[in-house]
Structure formats: C-alpha cells, structure tokens
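Notes follow the structure.
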Amino acid sequence: MVWRALGACLLLGLALPAWADTVWLNNGDRLTGQIVLLDGGKLALKTKYAGRVLIDWEDIDTLRSDQPLLVKRSGFTGQRSQHLEAAGKGMVRVVNGKTQTVPLAEIKQLVPPRPLITDFVWEGNLDTKLDMERNEDETDEFKLKGDSRISHGHWRHVLKGEYEHETKNSQKVDNNWELEYDLDRFITQQWFIRSSVYEQHDEFEDINRQTSYGMGPGYRFWDDELGRFELIGQYERFQLRGNGQNTQFDAYGLEWDYKRLLSGTRFELYSTAQMALPLIDQVDYVFEGEAGVRYRVNEWARVSLLYELNQFRGLGQTTSDRQYLLGLGVGW
C-alpha cells in the first residue's frame, strides 16, 4: 500500500508539473489546471481544487495552454500545436512555428499527444460485483476484475486478473481465479512485440489448471487521451492439468483491446477479446470476450456494466457461457 501511494504521488507530480493551462469563460470566470481533452463538446480540465471538471465548449471565451496539443478541426485533419495562446472572444491562437488564429467553434477535439520515448503512463481499473439472491436457494456471488498497465520508453507492462467466488446455501459451488502478464516492446510508434504468460485455476472443473505462454506481433492503431485500439497476434503454448492428466498443445491466437472515452471522459466504452485456434483435432476454437461501459462518478469512482462471452467449439458442438456484471469500481 505504501509503494502504491508513493507511485501515485510520483505519477501525479510527473503528469501535472505546472498546472499552466487557463480557460476564460463567457461569464468572466477563469479556471486554471491541465487540459485533459476536448471531445463531444466537453472540455475536461484537471484542477488542483476541484479534481476533473467538465466545461461546455460553447461556454468558453478563450483559453491558453503551454502543453503540446493535437488540434482537430471540422473538415480538416489534426494539426499539432506547440502551445495555444488566448485571443479575442471565441478565438484562440494555435502556435506551431507560425501563429494561426482559429475560431473555437471550428475546433472539435483537443488531445494531448503521447510521445513514445519520453512518456510515463500508469492507468488501470478495478471492478467488483456482488450478487445476493434469496429465493428458494440462498446464492451469493462475488466477482473481482482488474487490469493495470505501465508504459515507459519503449516498454509496456500489462497485468490482468479476475477472481470469482460463489456459494449456494452456504456451500461453495464456484471458486476460480486467473492472472495474465504481458510485456510489450515497441519497435515503432505502432508496431510492438508481445510476450505473455497466463495462469488459471478452477477448483470445480475437471481441468482445474491451465497455463499458457505466447509471443507475437502487435499493432497499435491509436493510443491517446481519447482511448486506444490494438490488435495482437501470437503463437501460444498451452498446458492443461487435472484428474491426473497433463495435455499440451500449440495454438494461434488473436487479441484486440479497444477503449473510447465519450462526453469529456464521463463515459468509457471498452472491449477486449482473445481467440485461440488450437493445432489439435478435438478443438476448433476458444473465444473469450467482453464489452462494457463505465460511467465516471468522480475522479476515481466508476459504475460499470459489462457483458462477457466465453465460447468453446470442438467435436461438432459449441458451448457458450454468458455473464453480465453490474457493479462499482475504481479507475486511475
């Protein structure tokens, strides 16, 4: 806990060194902080005194920012600014070698770029679900899902985990956990190589332990304050153990990771999925995917709705398991 708090303070110090951005409103008020992004007509500004606040773009008179920003205008591709300077009412000056005065009404997005080499980014989510049924049977189900990623220089560390526990009439009927660690090495701004290790334990299944290792290329279509989208292909080695059996086989794998912030970061759409094509006759494919939406209650609290689909096809039969998760979580 001490190390986590220390890391959070260090990250805050790195992310907000000067609080140099200023926003002037139409009513004469002035706000200072750091521009997180502009999207969907909402400007997200992170302040020392009120956390993250959302400002209607049409209520802004002008603004100033000392940080580089990607400025996207209607009908134009994005242009990178060195900084923004305040101008007249409803205007702003975009400085990038030369100065151009632009109406605020033409600007649709402001996104701080994430450079590959100098960046240090730590982000993650932790979602929980507690379901208690008191009908003919007393059923209690608890589920915990989390992910965290740290990017620095050419490297990125991704950790994902899940724990599920269920009792029925005070008897344990489900108890499983899974953990995955991915190490990415970026070769260019988009291309990277991923190495993965995965471990799963399930107390009530015949195959109660699964281990896999994989490596392969990945491509990052985008990764900024608005979200990310990545595709990863891997060659994997699986090992299944249970009931005195030990089975090993290879597989081709495909994975995607998608996230998109909406309404000035208030909503988050996200989806991740993995598909494995085992090189054995008994199994055609294994698919694990999820899609959901999170609502930001405040700077750290989230309300999440998640749909999960686990599907297995082999020997001419398809087995599917669908779950819905509605719960509370935290994000950073």
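Following the order of the structure tokens, chains are lettered A, B, ..., residues in each are numbered from 1, and ligands are numbered from 1.
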
For the strand (DSSP E or B) assignment from backbone DSSP, which residues of region 94-164 of chain A qualify? Please present them as a ChimeraX atom specification. /A:94-96,98-103,107-111,120-134,138-152,155-164

Taking only C-alpha atoms into account, which of A:Glu225, A:Asp59, A:Glu288, A:Asp147 comes nearest Val330 (chain A)? A:Asp147

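In this comparison, which uses only C-alpha atoms, the residue of A:Glu299, A:Val293, A:Phe287, A:Asp127 approaching Phe312 (chain A) most closely is A:Phe287.
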
Closest of A:Leu126, A:Leu240, A:Val158, A:Ile232 to Lys143 (chain A) - atom-to-atom distances counting only C-alpha atoms: A:Leu126

Mind pulling up the distance from CA of Phe221 (chain A) to CA of Ile150 (chain A)? 18.4 Å

Which one of A:Ile60, A:Tyr181, A:Val36, A:Asn175 sits closest to Pro113 (chain A) if you count only C-alpha atoms?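 Selected residue with least distance to Pro113 (chain A): A:Val36.
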